[in-house]
Amino acid sequence: MQSPLVFFNKGYTYFQFVYFCALFPYFLLFVLLCRGLTLEGAGKGIYYYLKPNLTRLADTTVWKDAGTQVFYSYGVGFGALIALGSHNKFNHNCFRDAFVMCVINGSTSILAGFVVFSILGYMSVIAQKDIADIVKPGVVRF
């Protein structure tokens, strides 16, 4: 990726650079999704992603990890949301912004899950292992 200085020297504005940085990751996710869905075993990975395991709901570590993911995902406690919110006008619709942020963040997480698990399905076919064995923590050897 080019440095911001080269980007600005070509006559692009700051807002064009921000739009590029905000939208390019979604373009890459869609490219990776298209590639992942064409791989052998992608359906197996998507099925594993969408199949619920309700026995894990009683596990407290799952809830702790989910809460940690939410805090990291939304940046709660890092001060960025407060700093950005201080620039809003007094009558600004903060509820709408919060709702839009939640929808975009959740949708991005679901899209990234489809990308990752389509590739995990391919990895399980290549390694001739179950997906549950592929996603175990640690180093995966083929």
# chains A, B, ... in the order shown; residues from 1 in each chain; ligands from 1
>>> closest_atom_pairs(of="segment 4-102 of chain A", to="segment 121-136 of chain A", cutoff="6 Å", atoms="only C-alpha atoms", output="JSON lines")
{"residue": "A:Glu40", "atom": "CA", "partner": "A:Tyr122", "partner_atom": "CA", "distance": 5.6}
{"residue": "A:Gly41", "atom": "CA", "partner": "A:Tyr122", "partner_atom": "CA", "distance": 4.6}
{"residue": "A:Ala42", "atom": "CA", "partner": "A:Gly121", "partner_atom": "CA", "distance": 4.8}
{"residue": "A:Lys44", "atom": "CA", "partner": "A:Gly121", "partner_atom": "CA", "distance": 5.3}
{"residue": "A:Gly45", "atom": "CA", "partner": "A:Gly121", "partner_atom": "CA", "distance": 3.8}
>>> write_last_selection(atoms="C-alpha atoms", output="PDB file, in the first residue's frame")
ATOM      1  CA  GLU A  40     -13.082 -27.531  -2.448  1.00  0.00           C
ATOM      2  CA  GLY A  41     -14.623 -28.097   0.989  1.00  0.00           C
ATOM      3  CA  ALA A  42     -15.883 -24.533   1.416  1.00  0.00           C
ATOM      4  CA  LYS A  44     -18.170 -28.012   4.778  1.00  0.00           C
ATOM      5  CA  GLY A  45     -16.587 -25.002   6.463  1.00  0.00           C
TER       6      GLY A  45
END
>>> residues_around(residues="Tyr74 of chain A", least_positions_apart="5", cutoff="10 Å", atoms="only C-alpha atoms", output="PDB file with N, CA and C atoms, in the first residue's frame")
ATOM      1  N   GLN A  69     -14.458  -9.877  23.249  1.00  0.00           N
ATOM      2  CA  GLN A  69     -14.511  -9.551  21.823  1.00  0.00           C
ATOM      3  C   GLN A  69     -15.356  -8.308  21.567  1.00  0.00           C
ATOM      4  N   ALA A  80     -11.569   6.499  22.229  1.00  0.00           N
ATOM      5  CA  ALA A  80     -11.746   6.996  20.863  1.00  0.00           C
ATOM      6  C   ALA A  80     -13.186   7.414  20.605  1.00  0.00           C
ATOM      7  N   LEU A  81     -14.136   6.649  21.120  1.00  0.00           N
ATOM      8  CA  LEU A  81     -15.544   6.993  20.901  1.00  0.00           C
ATOM      9  C   LEU A  81     -15.906   8.297  21.593  1.00  0.00           C
ATOM     10  N   MET A 101     -23.389   1.847  13.697  1.00  0.00           N
ATOM     11  CA  MET A 101     -22.097   1.262  14.039  1.00  0.00           C
ATOM     12  C   MET A 101     -22.243  -0.204  14.445  1.00  0.00           C
ATOM     13  N   CYS A 102     -23.274  -0.510  15.216  1.00  0.00           N
ATOM     14  CA  CYS A 102     -23.511  -1.899  15.634  1.00  0.00           C
ATOM     15  C   CYS A 102     -23.843  -2.789  14.447  1.00  0.00           C
ATOM     16  N   ASN A 105     -20.615  -3.205  12.287  1.00  0.00           N
ATOM     17  CA  ASN A 105     -19.645  -4.038  12.985  1.00  0.00           C
ATOM     18  C   ASN A 105     -20.088  -5.494  13.006  1.00  0.00           C
TER      19      ASN A 105
END
>>> residues_around(residues="Leu84 of chain A", least_positions_apart="5", cutoff="12 Å", atoms="only C-alpha atoms", output="short mmCIF file (atom, residue, chain, number, x, y, z; two decimals) with C-alpha atoms, in the first residue's frame")
data_model
loop_
_atom_site.label_atom_id
_atom_site.label_comp_id
_atom_site.auth_asym_id
_atom_site.auth_seq_id
_atom_site.Cartn_x
_atom_site.Cartn_y
_atom_site.Cartn_z
CA GLY A 75 -13.27 0.07 21.31
CA PHE A 78 -10.09 3.22 24.77
CA GLY A 79 -11.45 6.76 24.64
CA LYS A 89 -23.29 19.02 17.51
CA CYS A 94 -26.24 9.66 18.54
CA ASP A 97 -24.91 6.52 14.86
#
>>> atom_distance(atom1="atom CA of Ile46 of chain A", atom2="atom CA of Pro25 of chain A")
21.1 Å
>>> select_by_dssp(residues="chain A", states="helix (DSSP H, G or I)", output="CSV table (one decimal) with N, CA and C atoms, in the first residue's frame")
chain,number,residue,atom,x,y,z
A,4,PRO,N,0.7,7.6,2.8
A,4,PRO,CA,-0.2,8.8,2.7
A,4,PRO,C,0.4,9.9,2.0
A,5,LEU,N,1.7,10.1,2.1
A,5,LEU,CA,2.4,11.3,1.5
A,5,LEU,C,2.3,11.1,0.0
A,6,VAL,N,2.6,10.0,-0.6
A,6,VAL,CA,2.5,9.7,-2.0
A,6,VAL,C,1.0,9.9,-2.5
A,7,PHE,N,0.1,9.5,-1.7
A,7,PHE,CA,-1.3,9.6,-2.0
A,7,PHE,C,-1.7,11.1,-2.1
A,8,PHE,N,-1.2,11.9,-1.1
A,8,PHE,CA,-1.6,13.3,-1.2
A,8,PHE,C,-0.8,14.1,-2.3
A,9,ASN,N,0.4,13.7,-2.6
A,9,ASN,CA,1.1,14.4,-3.6
A,9,ASN,C,0.5,14.2,-5.0
A,14,TYR,N,-7.8,14.5,1.4
A,14,TYR,CA,-7.9,13.8,2.6
A,14,TYR,C,-9.1,12.9,2.7
A,15,PHE,N,-10.2,13.4,2.2
A,15,PHE,CA,-11.5,12.6,2.3
A,15,PHE,C,-11.4,11.4,1.3
A,16,GLN,N,-10.8,11.6,0.2
A,16,GLN,CA,-10.6,10.4,-0.7
A,16,GLN,C,-9.8,9.3,-0.1
A,17,PHE,N,-8.7,9.8,0.6
A,17,PHE,CA,-7.9,8.8,1.3
A,17,PHE,C,-8.6,8.1,2.4
A,18,VAL,N,-9.5,8.8,3.2
A,18,VAL,CA,-10.3,8.2,4.2
A,18,VAL,C,-11.3,7.2,3.6
A,19,TYR,N,-11.9,7.6,2.6
A,19,TYR,CA,-12.9,6.6,1.9
A,19,TYR,C,-12.2,5.4,1.4
A,20,PHE,N,-11.0,5.6,0.9
A,20,PHE,CA,-10.2,4.4,0.4
A,20,PHE,C,-9.9,3.5,1.6
A,21,CYS,N,-9.4,4.1,2.7
A,21,CYS,CA,-9.0,3.3,3.8
A,21,CYS,C,-10.2,2.6,4.5
A,22,ALA,N,-11.4,3.2,4.4
A,22,ALA,CA,-12.6,2.6,5.0
A,22,ALA,C,-13.2,1.6,4.2
A,23,LEU,N,-13.1,1.7,2.9
A,23,LEU,CA,-13.8,0.8,2.0
A,23,LEU,C,-13.0,-0.4,1.4
A,24,PHE,N,-11.7,-0.1,1.3
A,24,PHE,CA,-10.8,-1.2,0.8
A,24,PHE,C,-10.8,-2.5,1.5
A,25,PRO,N,-10.8,-2.5,2.9
A,25,PRO,CA,-10.9,-3.8,3.6
A,25,PRO,C,-12.2,-4.6,3.2
A,26,TYR,N,-13.3,-3.9,3.0
A,26,TYR,CA,-14.5,-4.6,2.5
A,26,TYR,C,-14.3,-5.2,1.2
A,27,PHE,N,-13.7,-4.5,0.3
A,27,PHE,CA,-13.4,-5.0,-1.1
A,27,PHE,C,-12.5,-6.3,-0.9
A,28,LEU,N,-11.5,-6.2,-0.1
A,28,LEU,CA,-10.6,-7.4,0.1
A,28,LEU,C,-11.4,-8.6,0.7
A,29,LEU,N,-12.3,-8.3,1.7
A,29,LEU,CA,-13.1,-9.4,2.3
A,29,LEU,C,-14.0,-10.0,1.2
A,30,PHE,N,-14.6,-9.3,0.3
A,30,PHE,CA,-15.4,-9.8,-0.7
A,30,PHE,C,-14.6,-10.6,-1.7
A,31,VAL,N,-13.4,-10.2,-2.0
A,31,VAL,CA,-12.5,-10.9,-2.9
A,31,VAL,C,-12.1,-12.3,-2.3
A,32,LEU,N,-11.7,-12.2,-1.0
A,32,LEU,CA,-11.4,-13.4,-0.3
A,32,LEU,C,-12.6,-14.4,-0.1
A,33,LEU,N,-13.8,-13.8,0.0
A,33,LEU,CA,-15.0,-14.6,0.1
A,33,LEU,C,-15.2,-15.3,-1.2
A,34,CYS,N,-15.1,-14.6,-2.3
A,34,CYS,CA,-15.3,-15.2,-3.6
A,34,CYS,C,-14.3,-16.3,-3.9
A,35,ARG,N,-13.1,-16.1,-3.5
A,35,ARG,CA,-12.0,-17.1,-3.7
A,35,ARG,C,-12.3,-18.3,-2.7
A,36,GLY,N,-12.7,-18.0,-1.5
A,36,GLY,CA,-12.9,-19.1,-0.5
A,36,GLY,C,-14.1,-20.0,-0.9
A,37,LEU,N,-15.1,-19.4,-1.5
A,37,LEU,CA,-16.3,-20.2,-1.9
A,37,LEU,C,-16.0,-21.0,-3.1
A,42,ALA,N,-15.4,-25.8,0.8
A,42,ALA,CA,-15.9,-24.5,1.4
A,42,ALA,C,-17.3,-24.7,2.0
A,43,GLY,N,-18.1,-25.5,1.4
A,43,GLY,CA,-19.4,-25.8,2.0
A,43,GLY,C,-19.3,-26.5,3.3
A,44,LYS,N,-18.4,-27.3,3.5
A,44,LYS,CA,-18.2,-28.0,4.8
A,44,LYS,C,-17.8,-27.0,5.9
A,45,GLY,N,-17.0,-26.0,5.5
A,45,GLY,CA,-16.6,-25.0,6.5
A,45,GLY,C,-17.7,-24.1,6.8
A,46,ILE,N,-18.5,-23.7,5.8
A,46,ILE,CA,-19.7,-22.8,6.0
A,46,ILE,C,-20.7,-23.5,6.9
A,47,TYR,N,-20.9,-24.8,6.7
A,47,TYR,CA,-21.8,-25.6,7.5
A,47,TYR,C,-21.4,-25.6,8.9
A,48,TYR,N,-20.1,-25.8,9.1
A,48,TYR,CA,-19.5,-25.8,10.5
A,48,TYR,C,-19.7,-24.5,11.2
A,49,TYR,N,-19.6,-23.4,10.4
A,49,TYR,CA,-19.8,-22.0,10.9
A,49,TYR,C,-21.2,-21.8,11.3
A,50,LEU,N,-22.2,-22.3,10.5
A,50,LEU,CA,-23.6,-22.0,10.8
A,50,LEU,C,-24.2,-23.0,11.7
A,54,LEU,N,-25.1,-25.8,21.0
A,54,LEU,CA,-25.8,-25.2,22.1
A,54,LEU,C,-25.3,-25.7,23.5
A,55,THR,N,-24.5,-26.7,23.5
A,55,THR,CA,-23.9,-27.2,24.8
A,55,THR,C,-22.8,-26.2,25.2
A,56,ARG,N,-22.3,-25.4,24.3
A,56,ARG,CA,-21.2,-24.4,24.7
A,56,ARG,C,-21.8,-23.2,25.4
A,57,LEU,N,-23.1,-23.0,25.3
A,57,LEU,CA,-23.7,-21.8,26.0
A,57,LEU,C,-23.6,-21.9,27.5
A,58,ALA,N,-23.5,-23.1,28.1
A,58,ALA,CA,-23.3,-23.2,29.5
A,58,ALA,C,-21.9,-23.0,30.0
A,60,THR,N,-18.8,-20.9,30.9
A,60,THR,CA,-18.5,-19.5,31.2
A,60,THR,C,-17.4,-18.8,30.5
A,61,THR,N,-16.4,-19.6,30.0
A,61,THR,CA,-15.3,-19.1,29.2
A,61,THR,C,-15.8,-18.5,27.9
A,62,VAL,N,-16.8,-19.2,27.3
A,62,VAL,CA,-17.4,-18.7,26.1
A,62,VAL,C,-18.0,-17.3,26.3
A,63,TRP,N,-18.7,-17.1,27.3
A,63,TRP,CA,-19.3,-15.8,27.6
A,63,TRP,C,-18.2,-14.7,27.9
A,64,LYS,N,-17.2,-15.1,28.6
A,64,LYS,CA,-16.1,-14.2,28.9
A,64,LYS,C,-15.4,-13.8,27.6
A,65,ASP,N,-15.1,-14.8,26.8
A,65,ASP,CA,-14.5,-14.5,25.5
A,65,ASP,C,-15.3,-13.6,24.6
A,66,ALA,N,-16.6,-13.9,24.6
A,66,ALA,CA,-17.6,-13.0,23.8
A,66,ALA,C,-17.6,-11.6,24.3
A,67,GLY,N,-17.7,-11.4,25.6
A,67,GLY,CA,-17.6,-10.1,26.2
A,67,GLY,C,-16.3,-9.3,25.9
A,68,THR,N,-15.2,-10.1,25.9
A,68,THR,CA,-13.9,-9.5,25.6
A,68,THR,C,-13.9,-9.0,24.1
A,69,GLN,N,-14.5,-9.9,23.2
A,69,GLN,CA,-14.5,-9.6,21.8
A,69,GLN,C,-15.4,-8.3,21.6
A,70,VAL,N,-16.5,-8.2,22.3
A,70,VAL,CA,-17.3,-7.0,22.1
A,70,VAL,C,-16.6,-5.7,22.5
A,71,PHE,N,-15.9,-5.8,23.7
A,71,PHE,CA,-15.2,-4.6,24.1
A,71,PHE,C,-14.0,-4.2,23.2
A,72,TYR,N,-13.3,-5.2,22.6
A,72,TYR,CA,-12.3,-4.9,21.7
A,72,TYR,C,-12.8,-4.4,20.3
A,73,SER,N,-13.9,-5.0,19.9
A,73,SER,CA,-14.5,-4.7,18.6
A,73,SER,C,-15.1,-3.3,18.6
A,74,TYR,N,-15.7,-2.9,19.7
A,74,TYR,CA,-16.3,-1.5,19.7
A,74,TYR,C,-15.3,-0.5,20.2
A,80,ALA,N,-11.6,6.5,22.2
A,80,ALA,CA,-11.7,7.0,20.9
A,80,ALA,C,-13.2,7.4,20.6
A,81,LEU,N,-14.1,6.6,21.1
A,81,LEU,CA,-15.5,7.0,20.9
A,81,LEU,C,-15.9,8.3,21.6
A,82,ILE,N,-15.4,8.5,22.8
A,82,ILE,CA,-15.6,9.7,23.5
A,82,ILE,C,-15.0,10.9,22.8
A,83,ALA,N,-13.8,10.7,22.3
A,83,ALA,CA,-13.1,11.8,21.6
A,83,ALA,C,-13.8,12.2,20.3
A,84,LEU,N,-14.3,11.2,19.6
A,84,LEU,CA,-15.0,11.5,18.3
A,84,LEU,C,-16.4,12.1,18.6
A,85,GLY,N,-17.0,11.6,19.7
A,85,GLY,CA,-18.3,12.1,20.0
A,85,GLY,C,-18.3,13.5,20.5
A,94,CYS,N,-27.2,10.7,18.1
A,94,CYS,CA,-26.2,9.7,18.5
A,94,CYS,C,-26.8,8.3,18.5
A,95,PHE,N,-28.1,8.1,18.8
A,95,PHE,CA,-28.7,6.8,18.7
A,95,PHE,C,-28.6,6.2,17.4
A,96,ARG,N,-28.8,7.0,16.3
A,96,ARG,CA,-28.7,6.5,14.9
A,96,ARG,C,-27.3,6.0,14.7
A,97,ASP,N,-26.3,6.9,15.1
A,97,ASP,CA,-24.9,6.5,14.9
A,97,ASP,C,-24.5,5.2,15.6
A,98,ALA,N,-25.0,5.1,16.8
A,98,ALA,CA,-24.7,3.9,17.6
A,98,ALA,C,-25.3,2.6,16.9
A,99,PHE,N,-26.5,2.8,16.4
A,99,PHE,CA,-27.2,1.7,15.7
A,99,PHE,C,-26.5,1.3,14.5
A,100,VAL,N,-26.1,2.3,13.7
A,100,VAL,CA,-25.4,2.0,12.4
A,100,VAL,C,-24.1,1.4,12.7
A,101,MET,N,-23.4,1.8,13.7
A,101,MET,CA,-22.1,1.3,14.0
A,101,MET,C,-22.2,-0.2,14.4
A,102,CYS,N,-23.3,-0.5,15.2
A,102,CYS,CA,-23.5,-1.9,15.6
A,102,CYS,C,-23.8,-2.8,14.4
A,103,VAL,N,-24.7,-2.3,13.5
A,103,VAL,CA,-25.0,-3.1,12.4
A,103,VAL,C,-23.8,-3.3,11.5
A,104,ILE,N,-23.0,-2.3,11.2
A,104,ILE,CA,-21.9,-2.5,10.3
A,104,ILE,C,-20.8,-3.4,11.0
A,105,ASN,N,-20.6,-3.2,12.3
A,105,ASN,CA,-19.6,-4.0,13.0
A,105,ASN,C,-20.1,-5.5,13.0
A,106,GLY,N,-21.3,-5.7,13.3
A,106,GLY,CA,-21.8,-7.1,13.3
A,106,GLY,C,-21.8,-7.7,11.9
A,107,SER,N,-22.2,-7.0,10.9
A,107,SER,CA,-22.2,-7.5,9.5
A,107,SER,C,-20.8,-7.8,9.1
A,108,THR,N,-19.8,-7.0,9.5
A,108,THR,CA,-18.4,-7.2,9.1
A,108,THR,C,-17.9,-8.5,9.8
A,109,SER,N,-18.3,-8.7,11.0
A,109,SER,CA,-17.9,-9.9,11.7
A,109,SER,C,-18.5,-11.2,11.1
A,110,ILE,N,-19.7,-11.1,10.7
A,110,ILE,CA,-20.3,-12.3,10.1
A,110,ILE,C,-19.7,-12.5,8.7
A,111,LEU,N,-19.4,-11.5,7.9
A,111,LEU,CA,-18.8,-11.6,6.6
A,111,LEU,C,-17.4,-12.2,6.8
A,112,ALA,N,-16.6,-11.7,7.8
A,112,ALA,CA,-15.3,-12.3,8.0
A,112,ALA,C,-15.4,-13.8,8.5
A,113,GLY,N,-16.4,-14.1,9.2
A,113,GLY,CA,-16.6,-15.5,9.6
A,113,GLY,C,-16.8,-16.4,8.4
A,114,PHE,N,-17.6,-16.0,7.4
A,114,PHE,CA,-17.8,-16.7,6.2
A,114,PHE,C,-16.5,-16.9,5.5
A,115,VAL,N,-15.7,-15.8,5.4
A,115,VAL,CA,-14.4,-15.9,4.7
A,115,VAL,C,-13.5,-16.9,5.4
A,116,VAL,N,-13.4,-16.8,6.7
A,116,VAL,CA,-12.4,-17.7,7.5
A,116,VAL,C,-12.9,-19.1,7.4
A,117,PHE,N,-14.2,-19.4,7.6
A,117,PHE,CA,-14.6,-20.8,7.7
A,117,PHE,C,-14.7,-21.4,6.3
A,118,SER,N,-14.8,-20.7,5.2
A,118,SER,CA,-14.8,-21.3,3.9
A,118,SER,C,-13.3,-21.8,3.6
A,119,ILE,N,-12.4,-21.0,4.1
A,119,ILE,CA,-11.0,-21.4,3.9
A,119,ILE,C,-10.6,-22.5,4.9
A,120,LEU,N,-11.2,-22.5,6.1
A,120,LEU,CA,-11.0,-23.6,7.0
A,120,LEU,C,-11.5,-24.9,6.5
A,121,GLY,N,-12.7,-24.9,5.8
A,121,GLY,CA,-13.2,-26.1,5.2
A,121,GLY,C,-12.3,-26.6,4.1
A,122,TYR,N,-11.6,-25.7,3.3
A,122,TYR,CA,-10.6,-26.2,2.4
A,122,TYR,C,-9.4,-26.8,3.1
A,123,MET,N,-9.0,-26.2,4.2
A,123,MET,CA,-7.9,-26.7,4.9
A,123,MET,C,-8.2,-28.1,5.5
A,124,SER,N,-9.4,-28.3,5.9
A,124,SER,CA,-9.8,-29.6,6.5
A,124,SER,C,-9.8,-30.7,5.4
A,125,VAL,N,-10.2,-30.3,4.2
A,125,VAL,CA,-10.2,-31.3,3.1
A,125,VAL,C,-8.7,-31.6,2.7
A,126,ILE,N,-7.9,-30.6,2.6
A,126,ILE,CA,-6.5,-30.8,2.2
A,126,ILE,C,-5.8,-31.7,3.3
A,127,ALA,N,-6.0,-31.3,4.6
A,127,ALA,CA,-5.3,-32.0,5.7
A,127,ALA,C,-6.0,-33.4,6.0
A,131,ILE,N,-12.9,-30.3,10.9
A,131,ILE,CA,-12.7,-28.9,11.1
A,131,ILE,C,-12.4,-28.6,12.6
A,132,ALA,N,-13.0,-29.4,13.5
A,132,ALA,CA,-12.8,-29.2,14.9
A,132,ALA,C,-11.3,-29.4,15.3
A,133,ASP,N,-10.7,-30.3,14.5
A,133,ASP,CA,-9.2,-30.5,14.8
A,133,ASP,C,-8.4,-29.4,14.2
A,134,ILE,N,-8.9,-28.8,13.1
A,134,ILE,CA,-8.1,-27.7,12.5
A,134,ILE,C,-8.2,-26.4,13.3
